[in-house]
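Peer 1: Got a structure for you, questions after.
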Amino acid sequence: MVAATAVGLLTQPLLGHIVDLVADRRPAETLTLPATLLVLVAVTQGVSTTLGLSLISRLGETVLARLRERFVERALRLPLEQVERAGSGDLTSRVTGDVSQVAEAVRTALPELARSLLAIALTLGALAVLDWRFLLAALLAVPIQAHTARWYVRNAVPLYARQRIASGAQQQQLLDSIGGASTVRAFRLEADHTERVTRRSWSAVELTMRGVQLVLRFYSRLHVAEYTGLAAVLIVGFLLVRSGSTSIGTATAAALYFHSLFAPINSALVLVDDAQSATAGLARLVGVADAPSSESPGSPESPESPESPESMEEPSPRRREAEPDGRSDRSREPSAPAEPLGQVEPAAPVEPVVAVSGVGHAYEAGRPVLHDVDLVLRPGERVALVGASGAGKTTLAKLIAGIHRPTTGSVRLAVPERDGAGPTVALVTQEVHVFAGPLDDDLRLARPDAADDELHEALARVDALTWVEALPDGLRTVVGEGGHRLTATQTQQLALARLILADPPVAVLDEATAEAGSTGARTLEKATQRAIEGRTALVVAHRLTQAATADRIVVMDGGRIVESGGHDELRAVGGPYAALWEAWSETRSTAPRRPPTHNAPTI
């Protein structure tokens, strides 16, 4: 790039030399040499510029690729509570719009900025070589340009940051409305959601138009600087030629030098616009890439506090078991490790045990959803959690699974040391994602080193081996987006198979059979019983038939535990569980029998 810019600076002196030859009325053949040199300068500059731009672009693309990889890796390790609070639209906006903004800057702005800065520096040096007074005249434009740049940066940085946030909010609203389209239509909320999308879209448009107005004012100020500098150079050239201090050709070269500065100076300052927009996007990318992961000691989701001595030491075997591969996102359920959060207190029983003591939780300050909850899961015990919608069942399950940190109280988890490196707690929910790719890769999320025989055994235990073997390529069949579509029941069977492969001592199932139809529910209930065999299990029961077979039933209402006991015992008492069972039984007995329907494919 330096070579290309330096060679390009020969253009103005050669043109000035041609002016002198014409002014002196030299023969036409004397123009051949400078004209030939101009052609050579153009070719050399073009080749050098091409090579320089390709090298700079390669550098920028390499850095950007590494940033994208780091972003995705760290995004998958973010605390789930933080991801849920931000919304999927925010992450989507960062990894699409913000990455595109930075990528465009890397591909165009970075090479152009490098070339412009070199051209400015070398051209100013060339002006000084012609005559130092030409340089002083050209520098009269600098104060105006510097003031313009400072004014623009001061106004552009917050504007572009707000614009990126507005774009993220717009994408979030679009995802919410489109993702819940069937619910929106069912409740006739089309007009309301259209109004929301329109409002957020116009908010983004208004900020964009403010940015356009800012750029127009920016350009107008740059033009004032250009006219000021060029007028000064022409006046100095006129005075020097009149005094005989320089030739017309030299004055012409000086004017051409300054005129050639228009493009690089404007490019450099205009690129400030791209730089500010890219900086806002880059800050959002780096904000995720540099964020502490949920496994990092001292992070908001880490059991150890920053002051804890254990946070500065080698992780204990129990901690390593909870973090086999650094994954903590629910998209990899059930193999995602879930170390309990809150005040983790050491304990060393012989068998796995979970103890919840005085736990309260609020997603928003002043609006608690759990109140002073005490619960113990004994070794190997299967506990069913039941209650009406909004009772706090899922929140309690997430606290035990380590997804959230309790606002008050503590969650204790103690397990014996194990030879394997599987997770301590595994969570299976009704929202199970199927990754695009071979089916066996999807299963090996739970245990990457699992052999095919182990995969077959896990599938057989959840009654999935028959339909897997019937697939076109068996375990190597591509599933997920663009591949073979699985039903809701089949998707959940894969999640239960992953639970078996991960082999955690504690399992949390949050309405894991809710998405299946009646026939699928019976299949999944049997598969669930086999998957949690020999484990301490907490099952958020969507169907009370699951609760009836549990060792103990815990009933929640209004964020509190109101009953606990066996199925027959609670029915005999005639309390809340008995009322739920009676209502559920009446619904089943009076519901009209309908032919089985096909489950919608899970996307």
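Ordered as shown in the structure tokens, chains take letters A, B, and onward, while each chain numbers its residues from 1 and ligands are numbered from 1 in the order shown.
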Fewer than 6 positions away in the same chain doesn't count, so skip those; otherwise give me all residues within 7 Å of region 131-147 of chain A, counting only C-alpha atoms, as a list of chain:residue names.
Peer 2: A:Leu124, A:Leu222, A:Ala225, A:Glu226, A:Thr228, A:Gly229, A:Ala232, A:Val233, A:Val236, A:Ala254, A:Phe258
Peer 1: List the neighbours of Ala541 (chain A) out to 10 Å using only C-alpha atoms; skip same-chain residues closer than 3 positions along the sequence, and give me the result as an NGL selection string.
Peer 2: :A and (383-387 or 393 or 509-514 or 538 or 544-548 or 550 or 553)
Peer 1: For the atom pair CA of Arg200 (chain A) and CA of Gln163 (chain A), what is the interatomic distance in Å to one decimal place?
Peer 2: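 Spanning CA of Arg200 (chain A) to CA of Gln163 (chain A) is a straight-line distance of 11.2 Å.
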Peer 1: Compare A:Val554, A:Ala521, A:Val205, A:Ala35 by their minimum atom-to-atom distance to Glu569 (chain A), counting only C-alpha atoms, and give me the closest one.
Peer 2: A:Val554
